[in-house]
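K.L.:
Below you'll find entry_16.cif; it's mmCIF, N, CA and C atoms.
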data_run
#
loop_
_atom_site.label_atom_id
_atom_site.label_comp_id
_atom_site.auth_asym_id
_atom_site.auth_seq_id
_atom_site.Cartn_x
_atom_site.Cartn_y
_atom_site.Cartn_z
N MET A 1 -13.53 -43.37 7.45
CA MET A 1 -13.44 -42.00 7.01
C MET A 1 -11.99 -41.71 6.63
N THR A 2 -11.81 -41.07 5.50
CA THR A 2 -10.48 -40.77 5.01
C THR A 2 -10.13 -39.32 5.31
N LEU A 3 -8.94 -39.11 5.81
CA LEU A 3 -8.45 -37.77 6.09
C LEU A 3 -7.71 -37.26 4.86
N ILE A 4 -8.13 -36.11 4.36
CA ILE A 4 -7.48 -35.51 3.20
C ILE A 4 -6.84 -34.20 3.64
N ARG A 5 -5.56 -34.09 3.42
CA ARG A 5 -4.84 -32.86 3.78
C ARG A 5 -5.04 -31.80 2.69
N LEU A 6 -5.30 -30.60 3.13
CA LEU A 6 -5.49 -29.49 2.22
C LEU A 6 -4.15 -28.83 1.96
N ASN A 7 -3.75 -28.79 0.71
CA ASN A 7 -2.48 -28.17 0.33
C ASN A 7 -2.80 -26.81 -0.28
N THR A 8 -2.89 -25.78 0.57
CA THR A 8 -3.28 -24.46 0.09
C THR A 8 -2.23 -23.85 -0.82
N SER A 9 -0.98 -24.22 -0.64
CA SER A 9 0.09 -23.66 -1.47
C SER A 9 -0.14 -23.99 -2.95
N SER A 10 -0.43 -25.25 -3.23
CA SER A 10 -0.64 -25.62 -4.63
C SER A 10 -1.95 -25.05 -5.16
N GLN A 11 -2.95 -24.89 -4.29
CA GLN A 11 -4.20 -24.30 -4.73
C GLN A 11 -4.01 -22.83 -5.09
N PHE A 12 -3.23 -22.11 -4.30
CA PHE A 12 -2.94 -20.72 -4.63
C PHE A 12 -2.15 -20.62 -5.93
N ASP A 13 -1.22 -21.55 -6.13
CA ASP A 13 -0.47 -21.56 -7.38
C ASP A 13 -1.40 -21.77 -8.56
N ASN A 14 -2.38 -22.67 -8.41
CA ASN A 14 -3.34 -22.92 -9.48
C ASN A 14 -4.18 -21.68 -9.76
N VAL A 15 -4.63 -21.00 -8.71
CA VAL A 15 -5.42 -19.78 -8.89
C VAL A 15 -4.58 -18.71 -9.57
N GLN A 16 -3.34 -18.56 -9.14
CA GLN A 16 -2.46 -17.57 -9.75
C GLN A 16 -2.25 -17.89 -11.23
N HIS A 17 -2.07 -19.15 -11.56
CA HIS A 17 -1.89 -19.56 -12.96
C HIS A 17 -3.14 -19.22 -13.77
N LEU A 18 -4.32 -19.49 -13.22
CA LEU A 18 -5.57 -19.17 -13.92
C LEU A 18 -5.72 -17.66 -14.13
N ILE A 19 -5.40 -16.88 -13.12
CA ILE A 19 -5.49 -15.42 -13.24
C ILE A 19 -4.51 -14.92 -14.29
N ASN A 20 -3.28 -15.42 -14.25
CA ASN A 20 -2.29 -15.01 -15.24
C ASN A 20 -2.73 -15.37 -16.65
N SER A 21 -3.33 -16.56 -16.81
CA SER A 21 -3.83 -16.96 -18.13
C SER A 21 -4.93 -16.03 -18.60
N LEU A 22 -5.83 -15.69 -17.70
CA LEU A 22 -6.92 -14.78 -18.04
C LEU A 22 -6.38 -13.41 -18.42
N LEU A 23 -5.42 -12.90 -17.65
CA LEU A 23 -4.85 -11.59 -17.95
C LEU A 23 -4.08 -11.61 -19.27
N GLN A 24 -3.45 -12.73 -19.56
CA GLN A 24 -2.72 -12.85 -20.82
C GLN A 24 -3.68 -12.76 -22.00
N GLU A 25 -4.84 -13.39 -21.86
CA GLU A 25 -5.84 -13.37 -22.92
C GLU A 25 -6.41 -11.98 -23.13
N THR A 26 -6.49 -11.18 -22.06
CA THR A 26 -7.06 -9.84 -22.17
C THR A 26 -6.02 -8.79 -22.52
N GLY A 27 -4.76 -9.19 -22.58
CA GLY A 27 -3.72 -8.25 -22.97
C GLY A 27 -3.08 -7.52 -21.81
N VAL A 28 -3.51 -7.80 -20.58
CA VAL A 28 -2.90 -7.18 -19.40
C VAL A 28 -1.65 -7.97 -19.05
N ALA A 29 -0.66 -7.30 -18.53
CA ALA A 29 0.61 -7.96 -18.20
C ALA A 29 0.37 -9.15 -17.28
N SER A 30 0.75 -10.32 -17.71
CA SER A 30 0.50 -11.53 -16.94
C SER A 30 1.43 -11.64 -15.75
N GLY A 31 2.54 -10.97 -15.78
CA GLY A 31 3.48 -11.04 -14.66
C GLY A 31 3.11 -10.14 -13.51
N LEU A 32 1.94 -9.53 -13.57
CA LEU A 32 1.52 -8.60 -12.53
C LEU A 32 1.59 -9.23 -11.16
N PHE A 33 1.11 -10.45 -11.03
CA PHE A 33 1.09 -11.10 -9.73
C PHE A 33 2.45 -11.66 -9.36
N ASP A 34 3.25 -11.98 -10.35
CA ASP A 34 4.58 -12.50 -10.07
C ASP A 34 5.54 -11.40 -9.64
N ARG A 35 5.27 -10.16 -10.04
CA ARG A 35 6.19 -9.06 -9.74
C ARG A 35 6.14 -8.65 -8.29
N GLY A 36 5.22 -9.15 -7.54
CA GLY A 36 5.25 -8.88 -6.12
C GLY A 36 4.26 -7.84 -5.64
N LEU A 37 2.98 -8.14 -5.77
CA LEU A 37 2.02 -7.26 -5.13
C LEU A 37 2.22 -7.30 -3.62
N ASN A 38 2.83 -8.37 -3.12
CA ASN A 38 3.12 -8.46 -1.71
C ASN A 38 4.19 -7.45 -1.30
N ASN A 39 4.91 -6.94 -2.26
CA ASN A 39 5.98 -6.00 -1.99
C ASN A 39 5.45 -4.61 -1.70
N VAL A 40 4.18 -4.35 -1.97
CA VAL A 40 3.57 -3.05 -1.76
C VAL A 40 3.26 -2.89 -0.28
N PRO A 41 3.66 -1.75 0.31
CA PRO A 41 3.42 -1.58 1.75
C PRO A 41 1.94 -1.47 2.09
N ALA A 42 1.56 -2.09 3.19
CA ALA A 42 0.19 -2.01 3.68
C ALA A 42 -0.04 -0.62 4.26
N ALA A 43 -1.29 -0.14 4.16
CA ALA A 43 -1.60 1.21 4.62
C ALA A 43 -2.87 1.23 5.46
N GLU A 44 -2.93 2.20 6.36
CA GLU A 44 -4.14 2.53 7.12
C GLU A 44 -4.37 4.02 6.95
N ILE A 45 -5.62 4.39 6.69
CA ILE A 45 -5.96 5.80 6.52
C ILE A 45 -7.09 6.15 7.47
N GLN A 46 -6.90 7.26 8.17
CA GLN A 46 -7.94 7.78 9.04
C GLN A 46 -8.16 9.24 8.66
N GLU A 47 -9.41 9.64 8.52
CA GLU A 47 -9.70 11.01 8.13
C GLU A 47 -10.52 11.69 9.21
N THR A 48 -10.11 12.90 9.57
CA THR A 48 -10.86 13.73 10.50
C THR A 48 -11.28 14.99 9.76
N GLU A 49 -11.90 15.91 10.47
CA GLU A 49 -12.33 17.17 9.87
C GLU A 49 -11.14 18.00 9.39
N ASP A 50 -10.01 17.90 10.11
CA ASP A 50 -8.86 18.76 9.83
C ASP A 50 -7.73 18.11 9.06
N ALA A 51 -7.63 16.77 9.09
CA ALA A 51 -6.46 16.13 8.49
C ALA A 51 -6.76 14.70 8.07
N ILE A 52 -5.83 14.18 7.27
CA ILE A 52 -5.83 12.77 6.91
C ILE A 52 -4.58 12.17 7.54
N TYR A 53 -4.75 11.06 8.26
CA TYR A 53 -3.64 10.37 8.92
C TYR A 53 -3.36 9.10 8.14
N LEU A 54 -2.15 8.99 7.64
CA LEU A 54 -1.77 7.84 6.83
C LEU A 54 -0.64 7.10 7.53
N LYS A 55 -0.83 5.80 7.68
CA LYS A 55 0.18 4.95 8.32
C LYS A 55 0.57 3.86 7.32
N LEU A 56 1.87 3.71 7.07
CA LEU A 56 2.37 2.71 6.14
C LEU A 56 3.32 1.76 6.85
N GLU A 57 3.19 0.49 6.55
CA GLU A 57 4.02 -0.55 7.15
C GLU A 57 5.20 -0.84 6.23
N LEU A 58 6.41 -0.52 6.71
CA LEU A 58 7.62 -0.67 5.90
C LEU A 58 8.74 -1.33 6.71
N PRO A 59 8.55 -2.56 7.13
CA PRO A 59 9.55 -3.20 7.98
C PRO A 59 10.87 -3.45 7.27
N GLY A 60 11.95 -3.31 8.01
CA GLY A 60 13.26 -3.64 7.47
C GLY A 60 13.87 -2.57 6.59
N LEU A 61 13.24 -1.41 6.50
CA LEU A 61 13.77 -0.34 5.67
C LEU A 61 14.28 0.80 6.55
N GLU A 62 15.27 1.49 6.05
CA GLU A 62 15.75 2.69 6.71
C GLU A 62 15.14 3.89 6.00
N ALA A 63 15.08 5.01 6.68
CA ALA A 63 14.48 6.21 6.11
C ALA A 63 15.17 6.61 4.82
N LYS A 64 16.47 6.38 4.72
CA LYS A 64 17.21 6.77 3.52
C LYS A 64 16.81 5.94 2.30
N ASP A 65 16.17 4.78 2.52
CA ASP A 65 15.74 3.91 1.42
C ASP A 65 14.36 4.28 0.88
N LEU A 66 13.73 5.31 1.46
CA LEU A 66 12.37 5.68 1.09
C LEU A 66 12.32 7.02 0.36
N ASP A 67 11.40 7.13 -0.57
CA ASP A 67 11.13 8.40 -1.25
C ASP A 67 9.63 8.65 -1.11
N VAL A 68 9.27 9.69 -0.36
CA VAL A 68 7.87 10.02 -0.12
C VAL A 68 7.60 11.39 -0.72
N GLN A 69 6.61 11.45 -1.59
CA GLN A 69 6.22 12.70 -2.22
C GLN A 69 4.71 12.87 -2.05
N VAL A 70 4.31 14.08 -1.69
CA VAL A 70 2.90 14.35 -1.46
C VAL A 70 2.44 15.48 -2.38
N THR A 71 1.38 15.22 -3.12
CA THR A 71 0.72 16.26 -3.90
C THR A 71 -0.54 16.65 -3.13
N GLN A 72 -1.33 17.54 -3.68
CA GLN A 72 -2.57 17.92 -2.99
C GLN A 72 -3.60 16.79 -3.01
N ASN A 73 -3.40 15.82 -3.92
CA ASN A 73 -4.42 14.77 -4.10
C ASN A 73 -3.95 13.36 -3.83
N ALA A 74 -2.64 13.16 -3.62
CA ALA A 74 -2.14 11.78 -3.48
C ALA A 74 -0.80 11.76 -2.76
N VAL A 75 -0.49 10.57 -2.24
CA VAL A 75 0.83 10.31 -1.64
C VAL A 75 1.51 9.27 -2.51
N HIS A 76 2.74 9.58 -2.94
CA HIS A 76 3.55 8.68 -3.75
C HIS A 76 4.69 8.19 -2.87
N ILE A 77 4.80 6.89 -2.71
CA ILE A 77 5.90 6.34 -1.92
C ILE A 77 6.61 5.26 -2.72
N SER A 78 7.92 5.32 -2.70
CA SER A 78 8.70 4.30 -3.39
C SER A 78 9.96 4.04 -2.59
N GLY A 79 10.57 2.93 -2.88
CA GLY A 79 11.80 2.57 -2.18
C GLY A 79 12.31 1.25 -2.67
N GLU A 80 13.29 0.76 -1.94
CA GLU A 80 13.87 -0.53 -2.32
C GLU A 80 14.29 -1.27 -1.06
N ARG A 81 13.85 -2.50 -0.99
CA ARG A 81 14.26 -3.39 0.10
C ARG A 81 15.38 -4.25 -0.47
N LYS A 82 16.59 -4.01 0.04
CA LYS A 82 17.76 -4.70 -0.49
C LYS A 82 18.01 -5.98 0.29
N SER A 83 18.42 -7.01 -0.44
CA SER A 83 18.71 -8.29 0.21
C SER A 83 20.13 -8.30 0.74
N ASP A 84 20.31 -9.06 1.80
CA ASP A 84 21.65 -9.25 2.32
C ASP A 84 22.38 -10.19 1.37
N THR A 85 23.56 -9.81 0.95
CA THR A 85 24.31 -10.66 0.03
C THR A 85 25.34 -11.45 0.83
N LYS A 86 24.88 -12.57 1.35
CA LYS A 86 25.75 -13.46 2.11
C LYS A 86 25.99 -14.71 1.27
N THR A 87 27.18 -15.22 1.38
CA THR A 87 27.44 -16.49 0.72
C THR A 87 27.73 -17.51 1.82
N GLU A 88 27.03 -18.59 1.76
CA GLU A 88 27.23 -19.65 2.74
C GLU A 88 27.70 -20.89 2.01
N GLU A 89 28.68 -21.53 2.59
CA GLU A 89 29.22 -22.72 1.96
C GLU A 89 28.37 -23.95 2.24
N LYS A 90 27.74 -23.97 3.39
CA LYS A 90 26.95 -25.14 3.76
C LYS A 90 25.52 -24.72 4.02
N GLY A 91 24.62 -25.61 3.73
CA GLY A 91 23.22 -25.37 4.03
C GLY A 91 22.48 -24.71 2.89
N VAL A 92 21.19 -24.63 3.07
CA VAL A 92 20.31 -24.06 2.08
C VAL A 92 19.55 -22.92 2.74
N ILE A 93 19.38 -21.83 2.02
CA ILE A 93 18.62 -20.70 2.53
C ILE A 93 17.32 -20.62 1.76
N LYS A 94 16.22 -20.57 2.48
CA LYS A 94 14.92 -20.35 1.86
C LYS A 94 14.36 -19.08 2.48
N SER A 95 13.98 -18.15 1.63
CA SER A 95 13.49 -16.87 2.12
C SER A 95 12.13 -16.56 1.54
N GLU A 96 11.22 -16.08 2.39
CA GLU A 96 9.92 -15.62 1.94
C GLU A 96 9.85 -14.10 2.00
N PHE A 97 10.97 -13.46 2.28
CA PHE A 97 11.01 -12.00 2.30
C PHE A 97 10.89 -11.47 0.89
N ASN A 98 10.30 -10.30 0.76
CA ASN A 98 10.19 -9.64 -0.54
C ASN A 98 11.28 -8.60 -0.67
N TYR A 99 12.11 -8.74 -1.67
CA TYR A 99 13.17 -7.79 -1.92
C TYR A 99 12.91 -7.10 -3.25
N GLY A 100 13.53 -5.94 -3.40
CA GLY A 100 13.43 -5.22 -4.66
C GLY A 100 12.72 -3.90 -4.50
N LYS A 101 12.50 -3.26 -5.63
CA LYS A 101 11.87 -1.95 -5.64
C LYS A 101 10.36 -2.08 -5.50
N PHE A 102 9.77 -1.07 -4.90
CA PHE A 102 8.32 -1.01 -4.79
C PHE A 102 7.86 0.42 -4.98
N GLN A 103 6.60 0.57 -5.31
CA GLN A 103 6.00 1.88 -5.48
C GLN A 103 4.53 1.77 -5.15
N ARG A 104 4.01 2.77 -4.49
CA ARG A 104 2.57 2.80 -4.21
C ARG A 104 2.09 4.24 -4.28
N ILE A 105 0.97 4.44 -4.94
CA ILE A 105 0.33 5.75 -5.01
C ILE A 105 -1.01 5.62 -4.29
N ILE A 106 -1.20 6.46 -3.28
CA ILE A 106 -2.42 6.42 -2.49
C ILE A 106 -3.21 7.69 -2.77
N PRO A 107 -4.33 7.59 -3.48
CA PRO A 107 -5.15 8.77 -3.73
C PRO A 107 -5.81 9.22 -2.43
N LEU A 108 -5.93 10.52 -2.26
CA LEU A 108 -6.52 11.08 -1.05
C LEU A 108 -7.96 11.51 -1.33
N SER A 109 -8.80 11.39 -0.33
CA SER A 109 -10.22 11.71 -0.48
C SER A 109 -10.50 13.21 -0.38
N ALA A 110 -9.51 13.99 0.04
CA ALA A 110 -9.65 15.44 0.15
C ALA A 110 -8.33 16.10 -0.21
N ARG A 111 -8.39 17.36 -0.61
CA ARG A 111 -7.16 18.09 -0.93
C ARG A 111 -6.43 18.43 0.37
N VAL A 112 -5.10 18.28 0.33
CA VAL A 112 -4.29 18.54 1.52
C VAL A 112 -3.28 19.65 1.23
N GLN A 113 -2.78 20.23 2.31
CA GLN A 113 -1.73 21.23 2.21
C GLN A 113 -0.40 20.48 2.20
N ASN A 114 0.08 20.16 1.02
CA ASN A 114 1.25 19.29 0.93
C ASN A 114 2.53 19.96 1.44
N THR A 115 2.53 21.26 1.64
CA THR A 115 3.71 21.92 2.20
C THR A 115 3.74 21.86 3.73
N LYS A 116 2.66 21.37 4.34
CA LYS A 116 2.59 21.31 5.81
C LYS A 116 2.47 19.88 6.34
N VAL A 117 2.87 18.91 5.54
CA VAL A 117 2.80 17.52 5.95
C VAL A 117 3.89 17.23 6.97
N THR A 118 3.55 16.48 8.01
CA THR A 118 4.56 16.05 8.97
C THR A 118 4.69 14.54 8.90
N ALA A 119 5.90 14.06 9.13
CA ALA A 119 6.18 12.62 9.01
C ALA A 119 6.98 12.14 10.21
N ASP A 120 6.74 10.88 10.56
CA ASP A 120 7.48 10.22 11.62
C ASP A 120 7.72 8.78 11.16
N TYR A 121 8.97 8.32 11.23
CA TYR A 121 9.29 6.95 10.81
C TYR A 121 10.02 6.27 11.95
N LYS A 122 9.37 5.25 12.51
CA LYS A 122 9.95 4.55 13.66
C LYS A 122 9.50 3.09 13.64
N ASP A 123 10.43 2.19 13.87
CA ASP A 123 10.15 0.76 13.96
C ASP A 123 9.42 0.22 12.73
N GLY A 124 9.78 0.73 11.54
CA GLY A 124 9.20 0.24 10.31
C GLY A 124 7.81 0.76 10.00
N ILE A 125 7.34 1.75 10.76
CA ILE A 125 6.03 2.34 10.52
C ILE A 125 6.22 3.81 10.18
N LEU A 126 5.69 4.20 9.02
CA LEU A 126 5.73 5.60 8.59
C LEU A 126 4.37 6.21 8.87
N ASN A 127 4.37 7.28 9.66
CA ASN A 127 3.14 8.01 9.98
C ASN A 127 3.20 9.37 9.30
N LEU A 128 2.18 9.68 8.51
CA LEU A 128 2.08 10.98 7.86
C LEU A 128 0.82 11.68 8.35
N ILE A 129 0.96 12.95 8.69
CA ILE A 129 -0.21 13.77 9.02
C ILE A 129 -0.34 14.77 7.88
N LEU A 130 -1.45 14.68 7.18
CA LEU A 130 -1.70 15.48 5.99
C LEU A 130 -2.82 16.47 6.29
N PRO A 131 -2.48 17.72 6.66
CA PRO A 131 -3.55 18.68 6.98
C PRO A 131 -4.35 19.05 5.75
N LYS A 132 -5.66 19.12 5.93
CA LYS A 132 -6.54 19.47 4.81
C LYS A 132 -6.43 20.97 4.52
N THR A 133 -6.72 21.32 3.27
CA THR A 133 -6.74 22.74 2.91
C THR A 133 -7.91 23.42 3.62
N GLU A 134 -7.83 24.73 3.77
CA GLU A 134 -8.90 25.47 4.42
C GLU A 134 -10.22 25.29 3.67
N GLN A 135 -10.16 25.20 2.35
CA GLN A 135 -11.38 25.00 1.56
C GLN A 135 -12.05 23.69 1.94
N GLU A 136 -11.24 22.63 2.14
CA GLU A 136 -11.80 21.33 2.50
C GLU A 136 -12.38 21.34 3.91
N LYS A 137 -11.68 22.03 4.83
CA LYS A 137 -12.16 22.09 6.21
C LYS A 137 -13.49 22.82 6.30
N ASN A 138 -13.63 23.89 5.53
CA ASN A 138 -14.81 24.73 5.61
C ASN A 138 -15.89 24.36 4.61
N LYS A 139 -15.70 23.26 3.91
CA LYS A 139 -16.66 22.87 2.87
C LYS A 139 -17.96 22.39 3.52
N VAL A 140 -19.01 23.13 3.25
CA VAL A 140 -20.34 22.76 3.72
C VAL A 140 -21.23 22.69 2.48
N VAL A 141 -21.93 21.62 2.36
CA VAL A 141 -22.79 21.44 1.20
C VAL A 141 -24.23 21.45 1.68
N LYS A 142 -25.02 22.37 1.14
CA LYS A 142 -26.43 22.47 1.48
C LYS A 142 -27.19 21.49 0.61
N ILE A 143 -27.97 20.67 1.23
CA ILE A 143 -28.77 19.68 0.52
C ILE A 143 -30.22 20.17 0.50
N ASN A 144 -30.77 20.34 -0.68
CA ASN A 144 -32.16 20.76 -0.82
C ASN A 144 -33.04 19.54 -0.84
N LEU A 145 -34.00 19.54 0.05
CA LEU A 145 -34.97 18.45 0.11
C LEU A 145 -36.29 18.94 -0.44
N GLU A 146 -36.80 18.22 -1.38
CA GLU A 146 -38.10 18.59 -1.95
C GLU A 146 -39.18 17.86 -1.22
N GLN A 147 -40.26 18.59 -0.95
CA GLN A 147 -41.42 17.98 -0.29
C GLN A 147 -42.11 17.08 -1.30
N SER A 148 -42.38 15.90 -0.90
CA SER A 148 -43.13 15.02 -1.79
C SER A 148 -44.62 15.24 -1.55
N ALA A 149 -45.36 15.35 -2.62
CA ALA A 149 -46.80 15.58 -2.51
C ALA A 149 -47.48 14.26 -2.20
N THR A 150 -48.14 14.22 -1.05
CA THR A 150 -48.88 13.00 -0.69
C THR A 150 -50.32 13.29 -0.42
#
So, in terms of structure tokens, how does the structure I just supplied come out?

P.N.:
Amino acid sequence: MTLIRLNTSSQFDNVQHLINSLLQETGVASGLFDRGLNNVPAAEIQETEDAIYLKLELPGLEAKDLDVQVTQNAVHISGERKSDTKTEEKGVIKSEFNYGKFQRIIPLSARVQNTKVTADYKDGILNLILPKTEQEKNKVVKINLEQSAT
């Protein structure tokens, strides 16, 4: 029996190349995947009757490096993760960190009171509490059920 090692790195490179080729043929920017979708912060959203709770993962950033804007329908977040500019005379540095500018727009499932949003940023986690508008809280939809004739 022969043992074959799986090289997932080269397989992912092949998949990325195929996707880029496909996007190039369709006219979509082929560098989309190269520009760093990994650079976009991960998010968790929880919705209750009164509010939407949004948590974003932004490790290694300071609050001054972030720009957070909230409309009634979406949260816009952008920033920049700056690289340390060190020069070393000996050795090689290999980094898998993502540096550079990022932007993410998160559409909201309900209208919020964007003037009453509260935020907390600690240990690279941004927590936003987005209170829903009174209209959204009190929205009740009556569903009419028709009797089926049997």

K.L.:
Would you return as a PyMOL selection string the members of range 59-93 of chain A that DSSP assigns to strand (DSSP E or B) on this structure's backbone?

P.N.:
chain A and resi 66-70+74-81

K.L.:
Would you compute the distance between CA of Ala110 in chain A and atom C of Pro59 in chain A? Give it in Å to one decimal.

P.N.:
28.8 Å

K.L.:
Measuring atom to atom with only N, CA and C atoms, identify which of A:Val92, A:Leu130, A:Ile106, A:Val112 is nearest to Tyr53 in chain A.

P.N.:
A:Leu130

K.L.:
Rounded to one decimal place, report the atom N of His76 in chain A-atom C of Arg104 in chain A distance in Å.

P.N.:
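The value is 5.5 Å.
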
K.L.:
In Å, how far is it from atom C of Glu80 in chain A to atom C of His17 in chain A?

P.N.:
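Separation between atom C of Glu80 in chain A and atom C of His17 in chain A: 28.1 Å.
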
K.L.:
Please enumerate the residues selected by the PyMOL selection byres (((chain A and resi 67 and name CA) around 10) and name CA) when evaluated against the supplied file, formatted as a PDB file with N, CA and C atoms, in the frame of the given file.

P.N.:
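Contents of part.pdb, as written:
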ATOM      1  N   ALA A  63      15.080   5.010   6.680  1.00  0.00           N
ATOM      2  CA  ALA A  63      14.480   6.210   6.110  1.00  0.00           C
ATOM      3  C   ALA A  63      15.170   6.610   4.820  1.00  0.00           C
ATOM      4  N   LYS A  64      16.470   6.380   4.720  1.00  0.00           N
ATOM      5  CA  LYS A  64      17.210   6.770   3.520  1.00  0.00           C
ATOM      6  C   LYS A  64      16.810   5.940   2.300  1.00  0.00           C
ATOM      7  N   ASP A  65      16.170   4.780   2.520  1.00  0.00           N
ATOM      8  CA  ASP A  65      15.740   3.910   1.420  1.00  0.00           C
ATOM      9  C   ASP A  65      14.360   4.280   0.880  1.00  0.00           C
ATOM     10  N   LEU A  66      13.730   5.310   1.460  1.00  0.00           N
ATOM     11  CA  LEU A  66      12.370   5.680   1.090  1.00  0.00           C
ATOM     12  C   LEU A  66      12.320   7.020   0.360  1.00  0.00           C
ATOM     13  N   VAL A  68       9.270   9.690  -0.360  1.00  0.00           N
ATOM     14  CA  VAL A  68       7.870  10.020  -0.120  1.00  0.00           C
ATOM     15  C   VAL A  68       7.600  11.390  -0.720  1.00  0.00           C
ATOM     16  N   GLN A  69       6.610  11.450  -1.590  1.00  0.00           N
ATOM     17  CA  GLN A  69       6.220  12.700  -2.220  1.00  0.00           C
ATOM     18  C   GLN A  69       4.710  12.870  -2.050  1.00  0.00           C
ATOM     19  N   HIS A  76       2.740   9.580  -2.940  1.00  0.00           N
ATOM     20  CA  HIS A  76       3.550   8.680  -3.750  1.00  0.00           C
ATOM     21  C   HIS A  76       4.690   8.190  -2.870  1.00  0.00           C
ATOM     22  N   ILE A  77       4.800   6.890  -2.710  1.00  0.00           N
ATOM     23  CA  ILE A  77       5.900   6.340  -1.920  1.00  0.00           C
ATOM     24  C   ILE A  77       6.610   5.260  -2.720  1.00  0.00           C
ATOM     25  N   SER A  78       7.920   5.320  -2.700  1.00  0.00           N
ATOM     26  CA  SER A  78       8.700   4.300  -3.390  1.00  0.00           C
ATOM     27  C   SER A  78       9.960   4.040  -2.590  1.00  0.00           C
ATOM     28  N   GLY A  79      10.570   2.930  -2.880  1.00  0.00           N
ATOM     29  CA  GLY A  79      11.800   2.570  -2.180  1.00  0.00           C
ATOM     30  C   GLY A  79      12.310   1.250  -2.670  1.00  0.00           C
ATOM     31  N   GLU A  80      13.290   0.760  -1.940  1.00  0.00           N
ATOM     32  CA  GLU A  80      13.870  -0.530  -2.320  1.00  0.00           C
ATOM     33  C   GLU A  80      14.290  -1.270  -1.060  1.00  0.00           C
ATOM     34  N   GLN A 103       6.600   0.570  -5.310  1.00  0.00           N
ATOM     35  CA  GLN A 103       6.000   1.880  -5.480  1.00  0.00           C
ATOM     36  C   GLN A 103       4.530   1.770  -5.150  1.00  0.00           C
TER      37      GLN A 103
END

K.L.:
As a check of understanding, name the residues that the PyMOL selection byres ((chain A and resi 95-100) around 6.5) selects in the supplied structure, as a list in words.

P.N.:
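So the PyMOL selection byres ((chain A and resi 95-100) around 6.5), applied here, picks out Asn38, Asn39, Gly79, Glu80, Arg81, Lys82, Ser83, Ile93, Lys94, Lys101 and Phe102 of chain A.
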
K.L.:
Produce a file of the selected residues containing N, CA and C atoms, as an mmCIF file, keeping the file's coordinate frame.

P.N.:
data_model
loop_
_atom_site.group_PDB
_atom_site.id
_atom_site.type_symbol
_atom_site.label_atom_id
_atom_site.label_comp_id
_atom_site.auth_asym_id
_atom_site.auth_seq_id
_atom_site.Cartn_x
_atom_site.Cartn_y
_atom_site.Cartn_z
ATOM 1 N N ASN A 38 2.830 -8.370 -3.120
ATOM 2 C CA ASN A 38 3.120 -8.460 -1.710
ATOM 3 C C ASN A 38 4.190 -7.450 -1.300
ATOM 4 N N ASN A 39 4.910 -6.940 -2.260
ATOM 5 C CA ASN A 39 5.980 -6.000 -1.990
ATOM 6 C C ASN A 39 5.450 -4.610 -1.700
ATOM 7 N N GLY A 79 10.570 2.930 -2.880
ATOM 8 C CA GLY A 79 11.800 2.570 -2.180
ATOM 9 C C GLY A 79 12.310 1.250 -2.670
ATOM 10 N N GLU A 80 13.290 0.760 -1.940
ATOM 11 C CA GLU A 80 13.870 -0.530 -2.320
ATOM 12 C C GLU A 80 14.290 -1.270 -1.060
ATOM 13 N N ARG A 81 13.850 -2.500 -0.990
ATOM 14 C CA ARG A 81 14.260 -3.390 0.100
ATOM 15 C C ARG A 81 15.380 -4.250 -0.470
ATOM 16 N N LYS A 82 16.590 -4.010 0.040
ATOM 17 C CA LYS A 82 17.760 -4.700 -0.490
ATOM 18 C C LYS A 82 18.010 -5.980 0.290
ATOM 19 N N SER A 83 18.420 -7.010 -0.440
ATOM 20 C CA SER A 83 18.710 -8.290 0.210
ATOM 21 C C SER A 83 20.130 -8.300 0.740
ATOM 22 N N ILE A 93 19.380 -21.830 2.020
ATOM 23 C CA ILE A 93 18.620 -20.700 2.530
ATOM 24 C C ILE A 93 17.320 -20.620 1.760
ATOM 25 N N LYS A 94 16.220 -20.570 2.480
ATOM 26 C CA LYS A 94 14.920 -20.350 1.860
ATOM 27 C C LYS A 94 14.360 -19.080 2.480
ATOM 28 N N LYS A 101 12.500 -3.260 -5.630
ATOM 29 C CA LYS A 101 11.870 -1.950 -5.640
ATOM 30 C C LYS A 101 10.360 -2.080 -5.500
ATOM 31 N N PHE A 102 9.770 -1.070 -4.900
ATOM 32 C CA PHE A 102 8.320 -1.010 -4.790
ATOM 33 C C PHE A 102 7.860 0.420 -4.980
#

K.L.:
Pick out the residues sitting within 6 Å of Leu128 in chain A, and hand them over as a ChimeraX atom specification; count all atoms listed in the file, and ignore anything fewer than 5 positions along from it in its own chain.

P.N.:
/A:52-55,118-120
